[in-house]
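As provided, entry_33.txt (compact mmCIF, C-alpha atoms) reads as follows.
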```txt
# COMPACT_ATOMS: atom_id res chain seq x y z
CA MET W 1 -24.02 13.54 14.34
CA ASN W 2 -26.04 11.25 12.18
CA LEU W 3 -25.55 7.64 13.17
CA GLY W 4 -28.43 6.37 11.16
CA LEU W 5 -26.23 6.11 8.13
CA MET W 6 -24.45 2.94 7.27
CA ALA W 7 -20.92 2.95 8.57
CA PRO W 8 -17.91 0.79 7.94
CA CYS W 9 -16.97 -1.80 10.46
CA GLY W 10 -15.17 -5.06 10.88
CA THR W 11 -11.88 -6.28 9.60
CA GLY W 12 -10.20 -5.60 6.32
CA ARG W 13 -11.40 -8.91 4.93
CA ALA W 14 -15.00 -8.64 5.92
CA ARG W 15 -18.18 -7.01 4.86
CA CYS W 16 -20.86 -5.36 6.94
CA ARG W 17 -24.43 -6.11 6.13
CA LEU W 18 -27.38 -4.10 7.33
CA GLY W 19 -30.84 -4.14 5.92
CA GLY W 20 -29.78 -6.21 2.95
CA GLN W 21 -27.10 -3.70 1.93
CA GLU W 22 -23.42 -4.35 2.08
CA LEU W 23 -20.42 -2.19 2.61
CA LYS W 24 -16.88 -3.29 2.05
CA SER W 25 -14.42 -2.02 4.57
CA GLN W 26 -10.63 -2.07 4.71
CA MET W 27 -10.40 -1.07 8.34
CA PRO W 28 -9.23 -3.29 11.15
CA ARG W 29 -11.68 -3.65 14.00
CA SER W 30 -9.37 -1.66 16.23
CA VAL W 31 -10.06 1.56 14.40
CA ILE W 32 -13.85 1.47 14.52
CA HIS W 33 -15.26 4.72 15.73
CA PRO W 34 -16.53 4.05 19.26
CA LEU W 35 -19.89 5.66 18.56
CA LEU W 36 -20.44 3.09 15.85
CA THR W 37 -19.49 0.00 17.78
CA THR W 38 -22.97 -0.89 18.98
CA THR W 39 -24.41 -0.57 15.53
CA CYS W 40 -21.57 -2.52 13.97
CA ASN W 41 -21.87 -5.39 16.38
CA SER W 42 -25.29 -6.12 15.01
CA PHE W 43 -23.96 -6.32 11.48
CA GLN W 44 -23.63 -9.72 9.92
CA MET W 45 -20.01 -10.38 9.09
CA GLN W 46 -19.07 -12.51 6.14
CA PRO W 47 -15.95 -12.95 4.09
CA SER W 48 -15.80 -10.78 1.03
CA LYS W 49 -16.31 -12.75 -2.15
CA THR W 50 -15.14 -9.97 -4.38
CA GLN W 51 -11.65 -9.77 -3.01
CA HIS W 52 -9.00 -12.18 -4.13
CA GLN W 53 -7.85 -14.18 -1.18
CA GLY W 54 -6.29 -17.10 -2.96
CA GLU W 55 -2.69 -17.92 -3.38
CA ASN W 56 -0.77 -16.33 -6.17
CA PRO W 57 -0.17 -19.17 -8.62
CA VAL W 58 3.28 -17.85 -9.40
CA SER W 59 4.74 -16.84 -6.11
CA GLY W 60 2.60 -18.83 -3.72
CA SER W 61 2.04 -15.66 -1.75
CA LYS W 62 -1.14 -13.90 -0.86
CA SER W 63 -2.57 -12.20 -3.89
CA ARG W 64 -1.83 -8.48 -4.00
CA ASP W 65 -4.60 -7.40 -6.31
CA VAL W 66 -7.03 -6.63 -3.53
CA VAL W 67 -9.21 -3.81 -4.65
CA ALA W 68 -9.22 -0.57 -2.74
CA SER W 69 -12.25 0.65 -0.86
CA THR W 70 -15.34 0.96 -2.96
CA ASP W 71 -17.12 4.24 -3.27
CA SER W 72 -20.27 3.05 -1.58
CA PHE W 73 -21.61 6.43 -0.54
CA ASP W 74 -24.10 8.52 -2.44
CA LEU W 75 -21.96 10.40 -4.95
CA GLU W 76 -24.82 12.49 -6.32
CA ALA W 77 -25.76 13.62 -2.83
CA LEU W 78 -22.15 14.51 -2.11
CA LEU W 79 -21.82 16.53 -5.27
CA ALA W 80 -25.07 18.29 -4.43
CA GLY W 81 -23.53 19.39 -1.14
CA ASP W 82 -25.50 17.04 1.10
CA GLU W 83 -23.88 17.32 4.52
CA LYS W 84 -25.16 13.98 5.76
CA ALA W 85 -23.55 12.31 2.78
CA PHE W 86 -20.30 14.13 3.51
CA GLU W 87 -20.52 13.06 7.12
CA GLN W 88 -20.71 9.48 5.94
CA LEU W 89 -17.63 10.05 3.81
CA VAL W 90 -15.78 11.34 6.88
CA ILE W 91 -16.90 8.37 8.97
CA GLN W 92 -16.02 5.87 6.29
CA GLU W 93 -12.68 7.18 5.09
CA SER W 94 -11.11 8.86 8.14
CA PRO W 95 -9.43 5.80 9.67
CA ARG W 96 -7.82 4.56 6.48
CA LEU W 97 -6.81 7.99 5.24
CA PHE W 98 -5.36 8.70 8.68
CA ARG W 99 -3.27 5.53 8.41
CA VAL W 100 -1.86 6.62 5.06
CA ILE W 101 -1.09 10.15 6.25
CA VAL W 102 0.47 9.10 9.54
CA ARG W 103 2.72 6.62 7.74
CA ILE W 104 3.90 9.39 5.44
CA LEU W 105 4.41 11.92 8.24
CA GLY W 106 5.34 9.68 11.16
CA ASP W 107 3.51 12.01 13.53
CA ASP W 108 0.02 11.30 14.93
CA ASP W 109 -0.91 14.86 15.90
CA GLU W 110 0.18 16.32 12.59
CA ALA W 111 -1.61 13.53 10.75
CA GLN W 112 -4.86 14.40 12.53
CA SER W 113 -4.42 18.02 11.58
CA ILE W 114 -3.73 17.14 7.94
CA LEU W 115 -6.72 14.81 7.89
CA GLN W 116 -9.01 17.60 9.06
CA GLU W 117 -7.61 19.98 6.47
CA THR W 118 -8.08 17.30 3.81
CA PHE W 119 -11.78 16.94 4.53
CA LEU W 120 -12.20 20.71 4.75
CA GLN W 121 -10.63 21.17 1.33
CA ALA W 122 -12.66 18.29 -0.10
CA PHE W 123 -15.89 19.78 1.28
CA GLN W 124 -15.08 23.23 -0.08
CA ARG W 125 -13.85 21.95 -3.45
CA MET W 126 -16.37 19.24 -4.11
CA ASP W 127 -17.49 21.05 -7.25
CA THR W 128 -14.02 20.52 -8.74
CA PHE W 129 -14.38 16.73 -8.66
CA ARG W 130 -14.53 15.71 -12.32
CA ARG W 131 -15.50 12.04 -12.00
CA GLU W 132 -12.25 11.03 -13.72
CA SER W 133 -11.45 8.81 -10.76
CA LYS W 134 -13.21 7.39 -7.74
CA LEU W 135 -14.08 10.08 -5.25
CA THR W 136 -11.92 8.36 -2.63
CA THR W 137 -8.95 8.50 -5.00
CA TRP W 138 -9.51 12.24 -5.40
CA LEU W 139 -9.85 12.62 -1.62
CA TYR W 140 -6.67 10.67 -0.92
CA ALA W 141 -4.79 12.72 -3.51
CA ILE W 142 -5.69 15.84 -1.54
CA GLY W 143 -4.56 14.24 1.73
CA ILE W 144 -1.30 12.91 0.32
CA ASN W 145 -0.45 16.25 -1.28
CA LEU W 146 -1.08 18.06 1.99
CA ALA W 147 1.01 15.52 3.90
CA ARG W 148 3.91 15.81 1.47
CA ALA W 149 3.70 19.60 1.51
CA SER W 150 3.87 19.46 5.29
CA LEU W 151 6.95 17.24 5.10
CA ARG W 152 8.67 19.63 2.75
CA LYS W 153 7.73 22.63 4.87
CA SER W 154 9.17 21.06 8.00
CA ARG W 155 12.21 19.89 6.01
CA ARG W 156 12.02 16.41 7.45
CA LEU W 157 13.85 14.54 4.77
CA SER W 158 14.19 10.83 4.29
CA SER W 159 17.66 9.49 4.97
CA LEU W 160 18.00 7.94 1.51
CA GLU W 161 18.13 9.83 -1.75
CA ASP W 162 16.97 8.67 -5.15
CA GLN W 163 20.51 7.89 -6.29
CA GLU W 164 21.06 5.69 -3.24
CA VAL W 165 17.90 3.74 -4.03
CA GLU W 166 19.33 3.23 -7.49
CA ARG W 167 22.61 1.97 -6.07
CA MET W 168 20.75 -0.52 -3.87
CA GLN W 169 19.39 -2.37 -6.88
CA PRO W 170 21.20 -5.54 -7.97
CA SER W 171 24.02 -5.13 -10.50
CA PHE W 172 24.24 -7.10 -13.72
CA SER W 173 27.01 -7.77 -16.17
CA ARG W 174 26.05 -9.09 -19.59
CA GLY W 175 22.60 -9.70 -18.18
CA MET W 176 23.79 -11.88 -15.29
CA PHE W 177 23.95 -11.08 -11.56
CA VAL W 178 27.34 -9.63 -10.57
CA ASP W 179 26.99 -10.79 -6.96
CA SER W 180 24.92 -13.78 -5.97
CA PRO W 181 22.38 -12.92 -3.28
CA VAL W 182 23.31 -14.48 0.07
CA GLU W 183 20.45 -16.57 1.37
CA TRP W 184 18.49 -15.28 4.34
CA ASP W 185 18.54 -17.29 7.54
CA PRO W 186 14.99 -18.37 8.47
CA GLY W 187 16.10 -18.81 12.08
CA LYS W 188 17.43 -15.27 12.21
CA MET W 189 14.24 -13.92 10.72
CA ALA W 190 12.11 -15.85 13.20
CA GLU W 191 14.13 -14.95 16.26
CA LEU W 192 14.35 -11.25 15.52
CA SER W 193 11.76 -9.90 17.94
CA ASP W 194 11.73 -6.38 16.53
CA ARG W 195 11.42 -7.48 12.92
CA GLN W 196 8.34 -5.32 12.35
CA GLN W 197 10.13 -2.26 13.71
CA LEU W 198 13.05 -3.05 11.46
CA VAL W 199 10.76 -3.06 8.43
CA ARG W 200 8.99 0.11 9.57
CA LYS W 201 12.32 1.93 9.96
CA ALA W 202 13.46 0.69 6.56
CA ILE W 203 10.30 2.10 4.95
CA GLU W 204 10.84 5.42 6.75
CA GLN W 205 14.28 5.69 5.16
CA LEU W 206 12.91 5.60 1.64
CA PRO W 207 12.68 8.83 -0.33
CA GLU W 208 9.26 10.42 -0.17
CA ASP W 209 8.03 9.25 -3.59
CA TYR W 210 9.05 5.65 -3.00
CA LYS W 211 7.69 5.60 0.53
CA ALA W 212 4.25 6.84 -0.57
CA ILE W 213 4.05 4.13 -3.22
CA VAL W 214 5.04 1.36 -0.79
CA ILE W 215 2.46 2.60 1.72
CA LEU W 216 -0.34 2.80 -0.82
CA ARG W 217 0.49 -0.28 -2.85
CA ASP W 218 2.07 -2.85 -0.52
CA ILE W 219 0.51 -1.85 2.81
CA GLU W 220 -2.89 -0.40 1.92
CA GLU W 221 -3.19 -2.51 -1.23
CA TYR W 222 -4.55 0.11 -3.58
CA SER W 223 -4.41 -0.81 -7.23
CA THR W 224 -1.58 0.52 -9.38
CA ASP W 225 -4.02 2.70 -11.29
CA ASP W 226 -5.48 4.21 -8.12
CA VAL W 227 -2.00 4.93 -6.77
CA ALA W 228 -1.07 6.55 -10.07
CA LYS W 229 -4.08 8.85 -9.85
CA MET W 230 -3.44 9.68 -6.20
CA LEU W 231 0.15 10.65 -6.90
CA ASP W 232 -0.53 12.14 -10.33
CA ILE W 233 2.04 9.97 -12.08
CA SER W 234 1.73 7.27 -14.71
CA SER W 235 0.95 3.64 -13.84
CA GLY W 236 4.30 2.71 -15.39
CA ALA W 237 6.09 5.09 -13.02
CA VAL W 238 4.26 3.51 -10.08
CA ARG W 239 5.40 0.05 -11.18
CA VAL W 240 9.02 1.10 -11.69
CA ARG W 241 9.28 2.98 -8.39
CA LEU W 242 7.54 0.20 -6.49
CA HIS W 243 10.02 -2.33 -7.85
CA ARG W 244 12.96 -0.10 -6.92
CA ALA W 245 11.51 0.57 -3.48
CA ARG W 246 11.14 -3.16 -2.85
CA GLY W 247 14.70 -3.71 -4.07
CA ALA W 248 15.97 -1.02 -1.68
CA LEU W 249 13.99 -2.46 1.23
CA ARG W 250 15.38 -5.93 0.47
CA LYS W 251 18.87 -4.49 0.55
CA LEU W 252 18.23 -2.68 3.83
CA LEU W 253 16.96 -5.90 5.42
CA ASP W 254 19.69 -8.03 3.90
CA SER W 255 22.38 -7.30 6.48
CA HIS W 256 20.01 -8.33 9.29
CA PHE W 257 18.81 -11.58 7.78
CA ARG W 258 21.70 -13.05 5.80
CA MET W 259 23.19 -16.36 6.87
CA ARG W 260 25.76 -16.24 9.64
CA GLY W 261 29.31 -16.24 8.40
CA SER W 262 28.41 -14.38 5.21
CA SER W 263 30.09 -11.07 4.75
CA MET D 1 22.55 -22.80 -14.13
CA LYS D 2 21.99 -25.82 -16.29
CA ILE D 3 24.02 -25.76 -19.46
CA VAL D 4 21.11 -25.96 -21.91
CA HIS D 5 19.33 -23.10 -20.23
CA MET D 6 22.53 -21.08 -20.14
CA ILE D 7 23.04 -21.58 -23.86
CA LYS D 8 19.46 -20.48 -24.47
CA VAL D 9 20.07 -17.35 -22.40
CA MET D 10 23.29 -16.62 -24.30
CA LEU D 11 21.50 -17.05 -27.61
CA GLY D 12 18.73 -14.75 -26.46
CA LEU D 13 16.18 -17.57 -26.57
CA ALA D 14 15.45 -17.33 -22.86
CA PRO D 15 15.36 -14.28 -20.54
CA ASN D 16 18.52 -13.46 -18.63
CA CYS D 17 18.75 -12.41 -14.96
CA GLU D 18 18.50 -8.70 -15.74
CA LYS D 19 15.39 -9.14 -17.83
CA VAL D 20 13.78 -11.35 -15.20
CA ASN D 21 14.60 -8.81 -12.51
CA GLN D 22 13.20 -5.98 -14.58
CA PHE D 23 9.81 -7.67 -14.68
CA LEU D 24 9.93 -9.22 -11.21
CA ALA D 25 7.01 -7.16 -9.90
CA ASP D 26 4.83 -8.33 -12.77
CA TYR D 27 5.99 -11.90 -12.22
CA VAL D 28 5.14 -11.75 -8.52
CA GLU D 29 1.75 -10.23 -9.22
CA GLY D 30 0.97 -12.79 -11.90
CA THR D 31 0.38 -10.23 -14.63
CA LEU D 32 2.80 -11.70 -17.20
CA ASN D 33 1.34 -13.59 -20.11
CA GLU D 34 1.47 -17.37 -19.92
CA LYS D 35 4.43 -17.85 -22.26
CA THR D 36 6.60 -15.23 -20.55
CA ARG D 37 5.63 -16.52 -17.12
CA ALA D 38 6.69 -20.03 -18.11
CA GLN D 39 10.05 -18.71 -19.36
CA PHE D 40 10.57 -16.77 -16.14
CA GLN D 41 9.57 -19.79 -14.06
CA GLN D 42 12.10 -21.94 -15.89
CA HIS D 43 14.78 -19.33 -15.32
CA MET D 44 13.94 -19.18 -11.60
CA ASP D 45 14.23 -22.95 -11.34
CA MET D 46 17.60 -23.02 -13.09
CA CYS D 47 19.32 -19.86 -11.86
CA PRO D 48 21.23 -19.96 -8.55
CA CYS D 49 20.88 -16.17 -8.19
CA CYS D 50 17.34 -15.34 -9.28
CA GLY D 51 15.66 -18.01 -7.13
CA PRO D 52 17.06 -16.67 -3.82
CA TYR D 53 16.55 -13.08 -4.99
CA LEU D 54 12.90 -13.80 -5.74
CA ASP D 55 12.45 -15.39 -2.29
CA GLN D 56 13.89 -12.32 -0.60
CA TYR D 57 11.90 -9.94 -2.79
CA GLN D 58 8.69 -11.77 -1.92
CA THR D 59 9.60 -11.94 1.78
CA THR D 60 10.22 -8.19 1.72
CA ILE D 61 6.75 -7.60 0.26
CA ASP D 62 5.16 -9.88 2.85
CA MET D 63 6.97 -8.22 5.75
CA THR D 64 6.03 -4.77 4.43
CA HIS D 65 2.42 -5.86 4.23
CA ASP D 66 2.59 -7.10 7.82
CA CYS D 67 4.00 -3.79 9.01
CA PRO D 68 2.35 -2.90 12.34
CA CYS D 69 -1.12 -1.51 11.92
CA VAL D 70 -1.46 2.16 12.70
CA GLU D 71 -4.42 2.68 14.99
CA ALA D 72 -6.51 5.75 14.49
CA PRO D 73 -7.41 7.54 17.72
CA PRO D 74 -10.97 6.74 18.84
CA GLU D 75 -11.96 10.41 18.73
CA LEU D 76 -10.69 10.89 15.18
CA VAL D 77 -14.04 11.04 13.38
CA GLU D 78 -15.72 13.25 15.99
CA HIS D 79 -12.79 15.67 16.02
CA THR D 80 -12.83 15.88 12.24
CA LEU D 81 -16.56 16.57 12.14
CA SER D 82 -16.18 19.20 14.88
CA PHE D 83 -13.40 20.82 12.89
CA LEU D 84 -15.63 20.95 9.83
CA ARG D 85 -18.46 22.50 11.81
CA GLN D 86 -16.10 25.20 13.09
CA ASN D 87 -14.34 25.93 9.84
CA ALA D 88 -16.87 25.34 7.11
CA ASP D 89 -20.52 25.91 6.61
CA PHE D 90 -21.11 22.35 7.66
CA ASN D 91 -23.90 20.87 9.77
CA ARG D 92 -24.23 23.90 12.01
CA SER D 93 -27.95 23.69 12.47
```
Just dump the structure as structure tokens.
Amino acid sequence: MNLGLMAPCGTGRARCRLGGQELKSQMPRSVIHPLLTTTCNSFQMQPSKTQHQGENPVSGSKSRDVVASTDSFDLEALLAGDEKAFEQLVIQESPRLFRVIVRILGDDDEAQSILQETFLQAFQRMDTFRRESKLTTWLYAIGINLARASLRKSRRLSSLEDQEVERMQPSFSRGMFVDSPVEWDPGKMAELSDRQQLVRKAIEQLPEDYKAIVILRDIEEYSTDDVAKMLDISSGAVRVRLHRARGALRKLLDSHFRMRGSS
Amino acid sequence: MKIVHMIKVMLGLAPNCEKVNQFLADYVEGTLNEKTRAQFQQHMDMCPCCGPYLDQYQTTIDMTHDCPCVEAPPELVEHTLSFLRQNADFNRS
């Protein structure tokens, strides 16, 4: 295995620097490949200046337009069939792609298997890459398709259907809310120890299409355009489904967080 | 909702709740143009429904983003490379 190549390291908000070159990484430190740890520790860490870390002027929240991983490997070498370049692609993208696949499948072992098949297909089909997207987008599209095919094959269906997602959106009459949203209790939200599990289970309930978009857009923070290319749908469809998915998640969380005494 | 704003909404001079909700994702992500954003902001400030809904929508996004990190197994990369060596003409020398 070639460890002389640059490899990703550090946290999702940091860059690795080695020999004057920089690599952006989206991976948390916990997923660094152990064989790379020694090398990574000598990297100089610094906050990324290209990612938007400021507050959203509208919502006051963290900005969501963080750019997905940059294709920092040697594309020409990859397209020429250079195995060392492909090895770097595997090293760089495995952890993040694994995260996406395992969130779709909910099964670690199967996710590892799908990840391996993804890289095998990518290696064998590299000549079909048409440069119409980033190579990573193309790679993730392969992985997501394989993961979704696996879901369908095993007939593990989400508990919600599209129509139910639709029904979970707010209702309007003459343009106005039919039912006022009941405020959420900050105390309840703070004291709920398994809040993260609650959110995870809510995401798992979403229909496949909606779940994939939430994973890619709101968790992994890929751009709308990248998500559209990965899922082979329009950017408009990504935006609409993301909005509906968020509305459904809000509804699923609502009963846990609403003020006491509210029905 | 303040009466002046309500009249504006009824006259179609300001966005109503449904319109605001339809473009909530764009509003949250700050991709609306300045004029529309200002109209939406005014609606949020005046409307007793859209303000709380926006808070919950944003909280949902934040909690989703903070969903527990999935940790890749330490042997993931090595296993993948081994798989490629076994199943493709990859790095066998």
Using only C-alpha atoms: which of W:Met126, W:Leu78, W:Ala237, W:Val199 has the shortest distance to chain D: W:Val199
Would you list which chain D residues are within 9 Å of chain W using all atoms listed in the file, as number ranges by chain? D: 15-19, 21-30, 37, 41, 48-50, 52-81, 83-84, 87-88, 90-91
Work out how far apart atom CA of Ala228 of chain W and atom CA of Ala245 of chain W are and give it in Å to one decimal.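 Here the two named atoms are 15.4 Å from each other.
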Could you work out how far atom CA of Gly143 of chain W lies from atom CA of Arg156 of chain W, giving the answer in Å with one decimal? 17.7 Å
What is the distance between atom CA of His256 of chain W and atom CA of Arg167 of chain W, in Å to one decimal? 18.7 Å
If you count all atoms listed in the file, which residues fall within 10 Å of Leu151 of chain W, apart from same-chain ones fewer than 5 positions away, as number ranges by chain? W: 104-106, 145-146, 156-158, 208
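The residue that comes closest to Gln205 of chain W, out of W:Leu160, W:Leu139, W:Met189, W:Val238 and on the basis of all atoms listed in the file, is W:Leu160.
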Missing atoms of segment 46-78 of chain D rebuilt to N, CA and C atoms, written as a PDB file, in the coordinates of the input:
```pdb
ATOM      1  N   MET D  46      16.238 -22.674 -12.658  1.00  0.00           N
ATOM      2  CA  MET D  46      17.600 -23.020 -13.090  1.00  0.00           C
ATOM      3  C   MET D  46      18.672 -22.111 -12.474  1.00  0.00           C
ATOM      4  N   CYS D  47      18.307 -20.865 -12.213  1.00  0.00           N
ATOM      5  CA  CYS D  47      19.320 -19.860 -11.860  1.00  0.00           C
ATOM      6  C   CYS D  47      19.615 -19.851 -10.354  1.00  0.00           C
ATOM      7  N   PRO D  48      20.888 -19.957  -9.972  1.00  0.00           N
ATOM      8  CA  PRO D  48      21.230 -19.960  -8.550  1.00  0.00           C
ATOM      9  C   PRO D  48      21.129 -18.572  -7.906  1.00  0.00           C
ATOM     10  N   CYS D  49      20.990 -17.529  -8.732  1.00  0.00           N
ATOM     11  CA  CYS D  49      20.880 -16.170  -8.190  1.00  0.00           C
ATOM     12  C   CYS D  49      19.434 -15.693  -8.119  1.00  0.00           C
ATOM     13  N   CYS D  50      18.691 -15.920  -9.198  1.00  0.00           N
ATOM     14  CA  CYS D  50      17.340 -15.340  -9.280  1.00  0.00           C
ATOM     15  C   CYS D  50      16.360 -16.011  -8.315  1.00  0.00           C
ATOM     16  N   GLY D  51      16.547 -17.311  -8.073  1.00  0.00           N
ATOM     17  CA  GLY D  51      15.660 -18.010  -7.130  1.00  0.00           C
ATOM     18  C   GLY D  51      15.722 -17.379  -5.741  1.00  0.00           C
ATOM     19  N   PRO D  52      16.939 -17.308  -5.133  1.00  0.00           N
ATOM     20  CA  PRO D  52      17.060 -16.670  -3.820  1.00  0.00           C
ATOM     21  C   PRO D  52      16.623 -15.203  -3.825  1.00  0.00           C
ATOM     22  N   TYR D  53      16.942 -14.494  -4.935  1.00  0.00           N
ATOM     23  CA  TYR D  53      16.550 -13.080  -4.990  1.00  0.00           C
ATOM     24  C   TYR D  53      15.027 -12.959  -4.955  1.00  0.00           C
ATOM     25  N   LEU D  54      14.362 -13.824  -5.723  1.00  0.00           N
ATOM     26  CA  LEU D  54      12.900 -13.800  -5.740  1.00  0.00           C
ATOM     27  C   LEU D  54      12.334 -14.074  -4.339  1.00  0.00           C
ATOM     28  N   ASP D  55      12.912 -15.067  -3.650  1.00  0.00           N
ATOM     29  CA  ASP D  55      12.450 -15.390  -2.290  1.00  0.00           C
ATOM     30  C   ASP D  55      12.555 -14.168  -1.381  1.00  0.00           C
ATOM     31  N   GLN D  56      13.681 -13.483  -1.470  1.00  0.00           N
ATOM     32  CA  GLN D  56      13.890 -12.320  -0.600  1.00  0.00           C
ATOM     33  C   GLN D  56      12.985 -11.152  -0.999  1.00  0.00           C
ATOM     34  N   TYR D  57      12.790 -11.006  -2.277  1.00  0.00           N
ATOM     35  CA  TYR D  57      11.900  -9.940  -2.790  1.00  0.00           C
ATOM     36  C   TYR D  57      10.482 -10.176  -2.278  1.00  0.00           C
ATOM     37  N   GLN D  58      10.038 -11.429  -2.373  1.00  0.00           N
ATOM     38  CA  GLN D  58       8.690 -11.770  -1.920  1.00  0.00           C
ATOM     39  C   GLN D  58       8.564 -11.629  -0.398  1.00  0.00           C
ATOM     40  N   THR D  59       9.610 -12.071   0.316  1.00  0.00           N
ATOM     41  CA  THR D  59       9.600 -11.940   1.780  1.00  0.00           C
ATOM     42  C   THR D  59       9.528 -10.472   2.187  1.00  0.00           C
ATOM     43  N   THR D  60      10.245  -9.631   1.449  1.00  0.00           N
ATOM     44  CA  THR D  60      10.220  -8.190   1.720  1.00  0.00           C
ATOM     45  C   THR D  60       8.793  -7.641   1.556  1.00  0.00           C
ATOM     46  N   ILE D  61       8.134  -8.051   0.492  1.00  0.00           N
ATOM     47  CA  ILE D  61       6.750  -7.600   0.260  1.00  0.00           C
ATOM     48  C   ILE D  61       5.854  -8.071   1.407  1.00  0.00           C
ATOM     49  N   ASP D  62       6.007  -9.331   1.784  1.00  0.00           N
ATOM     50  CA  ASP D  62       5.160  -9.880   2.850  1.00  0.00           C
ATOM     51  C   ASP D  62       5.403  -9.152   4.179  1.00  0.00           C
ATOM     52  N   MET D  63       6.673  -8.889   4.478  1.00  0.00           N
ATOM     53  CA  MET D  63       6.970  -8.220   5.750  1.00  0.00           C
ATOM     54  C   MET D  63       6.475  -6.769   5.727  1.00  0.00           C
ATOM     55  N   THR D  64       6.550  -6.140   4.565  1.00  0.00           N
ATOM     56  CA  THR D  64       6.030  -4.770   4.430  1.00  0.00           C
ATOM     57  C   THR D  64       4.518  -4.772   4.669  1.00  0.00           C
ATOM     58  N   HIS D  65       3.875  -5.761   4.072  1.00  0.00           N
ATOM     59  CA  HIS D  65       2.420  -5.860   4.230  1.00  0.00           C
ATOM     60  C   HIS D  65       2.024  -6.078   5.681  1.00  0.00           C
ATOM     61  N   ASP D  66       2.879  -6.798   6.417  1.00  0.00           N
ATOM     62  CA  ASP D  66       2.590  -7.100   7.820  1.00  0.00           C
ATOM     63  C   ASP D  66       3.097  -6.013   8.759  1.00  0.00           C
ATOM     64  N   CYS D  67       3.506  -4.898   8.194  1.00  0.00           N
ATOM     65  CA  CYS D  67       4.000  -3.790   9.010  1.00  0.00           C
ATOM     66  C   CYS D  67       2.928  -3.438  10.048  1.00  0.00           C
ATOM     67  N   PRO D  68       3.333  -3.109  11.275  1.00  0.00           N
ATOM     68  CA  PRO D  68       2.350  -2.900  12.340  1.00  0.00           C
ATOM     69  C   PRO D  68       1.242  -1.938  11.931  1.00  0.00           C
ATOM     70  N   CYS D  69       0.040  -2.327  12.265  1.00  0.00           N
ATOM     71  CA  CYS D  69      -1.120  -1.510  11.920  1.00  0.00           C
ATOM     72  C   CYS D  69      -1.089  -0.207  12.713  1.00  0.00           C
ATOM     73  N   VAL D  70      -1.342   0.874  12.025  1.00  0.00           N
ATOM     74  CA  VAL D  70      -1.460   2.160  12.700  1.00  0.00           C
ATOM     75  C   VAL D  70      -2.889   2.289  13.188  1.00  0.00           C
ATOM     76  N   GLU D  71      -3.057   2.570  14.450  1.00  0.00           N
ATOM     77  CA  GLU D  71      -4.420   2.680  14.990  1.00  0.00           C
ATOM     78  C   GLU D  71      -4.835   4.148  15.023  1.00  0.00           C
ATOM     79  N   ALA D  72      -5.985   4.391  14.449  1.00  0.00           N
ATOM     80  CA  ALA D  72      -6.510   5.750  14.490  1.00  0.00           C
ATOM     81  C   ALA D  72      -7.055   6.021  15.882  1.00  0.00           C
ATOM     82  N   PRO D  73      -6.875   7.231  16.393  1.00  0.00           N
ATOM     83  CA  PRO D  73      -7.410   7.540  17.720  1.00  0.00           C
ATOM     84  C   PRO D  73      -8.928   7.410  17.719  1.00  0.00           C
ATOM     85  N   PRO D  74      -9.520   6.963  18.807  1.00  0.00           N
ATOM     86  CA  PRO D  74     -10.970   6.740  18.840  1.00  0.00           C
ATOM     87  C   PRO D  74     -11.772   8.008  18.550  1.00  0.00           C
ATOM     88  N   GLU D  75     -11.207   9.162  18.892  1.00  0.00           N
ATOM     89  CA  GLU D  75     -11.960  10.410  18.730  1.00  0.00           C
ATOM     90  C   GLU D  75     -11.751  11.027  17.348  1.00  0.00           C
ATOM     91  N   LEU D  76     -11.080  10.318  16.477  1.00  0.00           N
ATOM     92  CA  LEU D  76     -10.690  10.890  15.180  1.00  0.00           C
ATOM     93  C   LEU D  76     -11.871  11.438  14.375  1.00  0.00           C
ATOM     94  N   VAL D  77     -12.909  10.621  14.207  1.00  0.00           N
ATOM     95  CA  VAL D  77     -14.040  11.040  13.380  1.00  0.00           C
ATOM     96  C   VAL D  77     -14.749  12.236  14.012  1.00  0.00           C
ATOM     97  N   GLU D  78     -14.992  12.161  15.316  1.00  0.00           N
ATOM     98  CA  GLU D  78     -15.720  13.250  15.990  1.00  0.00           C
ATOM     99  C   GLU D  78     -14.931  14.551  15.923  1.00  0.00           C
TER     100      GLU D  78
END
```
